[in-house]
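J.: Got a structure for you, written out below as structure tokens; questions coming shortly.
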Amino acid sequence: PILMDTPMARLDNKYRRGLLKVAPNHGSQFILLVHDGELDPGSTLFNTIRQKIGKKYRLSKKNTRHTVILSD
């Protein structure tokens, strides 16, 4: 599997789109960790990878010591 943690932080939309088109094709699994706003559902950038998404999870901070994982 390929795991990428916030790879789009300093990329403009052209390179973000290129990353989303190319990277998922180079491993049996592609795990992408993004922050809110980097890959908004409904955006053209999200639509670039939409068909390749098998599962989405969201982290929700409950307090200073606890975070829960939510499945979309």
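Chain labels follow the order of the structure tokens: the first chain is A, the next B, and so on; residue numbering restarts at 1 in every chain, and ligands are counted from 1 in their shown order.
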List the spatial neighbours of A:Leu45 as a PDB file with N, CA and C atoms, in the first residue's frame - criterion: any atom at most 10 Å away, only C-alpha atoms, same-chain residues fewer than 6 positions off excluded.

T.:
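File written: around_22.pdb
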```
ATOM      1  N   ASN A  13      -3.605  23.597  -7.263  1.00  0.00           N
ATOM      2  CA  ASN A  13      -4.614  22.667  -7.789  1.00  0.00           C
ATOM      3  C   ASN A  13      -4.121  21.843  -8.965  1.00  0.00           C
ATOM      4  N   LYS A  14      -3.267  22.384  -9.811  1.00  0.00           N
ATOM      5  CA  LYS A  14      -2.742  21.647 -10.958  1.00  0.00           C
ATOM      6  C   LYS A  14      -1.976  20.409 -10.475  1.00  0.00           C
ATOM      7  N   ARG A  16      -2.059  19.070  -7.380  1.00  0.00           N
ATOM      8  CA  ARG A  16      -2.942  18.212  -6.587  1.00  0.00           C
ATOM      9  C   ARG A  16      -3.703  17.267  -7.506  1.00  0.00           C
ATOM     10  N   ARG A  17      -4.242  17.800  -8.594  1.00  0.00           N
ATOM     11  CA  ARG A  17      -4.983  16.976  -9.557  1.00  0.00           C
ATOM     12  C   ARG A  17      -4.068  15.921 -10.170  1.00  0.00           C
ATOM     13  N   GLY A  18      -2.843  16.300 -10.507  1.00  0.00           N
ATOM     14  CA  GLY A  18      -1.878  15.344 -11.064  1.00  0.00           C
ATOM     15  C   GLY A  18      -1.548  14.237 -10.078  1.00  0.00           C
ATOM     16  N   LEU A  20      -3.474  13.105  -7.672  1.00  0.00           N
ATOM     17  CA  LEU A  20      -4.645  12.237  -7.522  1.00  0.00           C
ATOM     18  C   LEU A  20      -4.891  11.356  -8.745  1.00  0.00           C
ATOM     19  N   LYS A  21      -4.400  11.771  -9.890  1.00  0.00           N
ATOM     20  CA  LYS A  21      -4.550  10.948 -11.092  1.00  0.00           C
ATOM     21  C   LYS A  21      -3.489   9.850 -11.161  1.00  0.00           C
ATOM     22  N   GLU A  38      -8.792  20.379   2.022  1.00  0.00           N
ATOM     23  CA  GLU A  38      -7.847  19.943   0.988  1.00  0.00           C
ATOM     24  C   GLU A  38      -8.539  19.142  -0.115  1.00  0.00           C
ATOM     25  N   LEU A  39      -9.614  18.458   0.230  1.00  0.00           N
ATOM     26  CA  LEU A  39     -10.299  17.594  -0.727  1.00  0.00           C
ATOM     27  C   LEU A  39     -11.796  17.613  -0.427  1.00  0.00           C
TER      28      LEU A  39
END
```

J.: Go through chain A and collect every residue that DSSP, computed from the backbone, puts in alpha helix (DSSP H); the answer should be as a PyMOL selection string.

T.: chain A and resi 13-22+44-49

J.: Can you measure atom CA of A:Gln51 to atom CA of A:Leu11 for me? One decimal in Å is fine.

T.: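 Interatomic distance here is 22.1 Å.
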
J.: To test your reading of the structure, identify every residue in chain A that backbone DSSP assigns to strand (DSSP E), and report it as a VMD selection string.

T.: chain A and resid 2 to 5 30 to 33 57 to 61 67 to 71

J.: Could you save those same residues with C-alpha atoms as a PDB file, in the first residue's frame?

T.:
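Dumped everything to result15.pdb:
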```pdb
ATOM      1  CA  ILE A   2       0.916   3.640  -0.482  1.00  0.00           C
ATOM      2  CA  LEU A   3       0.250   5.922   2.499  1.00  0.00           C
ATOM      3  CA  MET A   4       0.412   9.677   1.992  1.00  0.00           C
ATOM      4  CA  ASP A   5      -0.076  12.030   4.931  1.00  0.00           C
ATOM      5  CA  PHE A  30      -3.689   4.057  -1.757  1.00  0.00           C
ATOM      6  CA  ILE A  31      -4.315   5.622   1.645  1.00  0.00           C
ATOM      7  CA  LEU A  32      -4.595   9.398   1.615  1.00  0.00           C
ATOM      8  CA  LEU A  33      -4.765  11.481   4.793  1.00  0.00           C
ATOM      9  CA  TYR A  57     -13.126   7.891   7.511  1.00  0.00           C
ATOM     10  CA  ARG A  58     -13.268  11.104   9.489  1.00  0.00           C
ATOM     11  CA  LEU A  59     -11.545  11.823  12.793  1.00  0.00           C
ATOM     12  CA  SER A  60     -13.618  13.712  15.344  1.00  0.00           C
ATOM     13  CA  LYS A  61     -11.939  15.197  18.402  1.00  0.00           C
ATOM     14  CA  THR A  67     -10.583  11.214  19.164  1.00  0.00           C
ATOM     15  CA  VAL A  68     -13.131   8.924  17.519  1.00  0.00           C
ATOM     16  CA  ILE A  69     -13.027   7.481  14.011  1.00  0.00           C
ATOM     17  CA  LEU A  70     -16.237   7.940  12.047  1.00  0.00           C
ATOM     18  CA  SER A  71     -17.046   6.002   8.887  1.00  0.00           C
TER      19      SER A  71
END
```

J.: Counting only C-alpha atoms, which residue out of A:His66, A:Asp12, A:Thr6, A:Ile49 sits closest to A:Val34?

T.: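 Under the stated criterion, the closest residue is A:Thr6.
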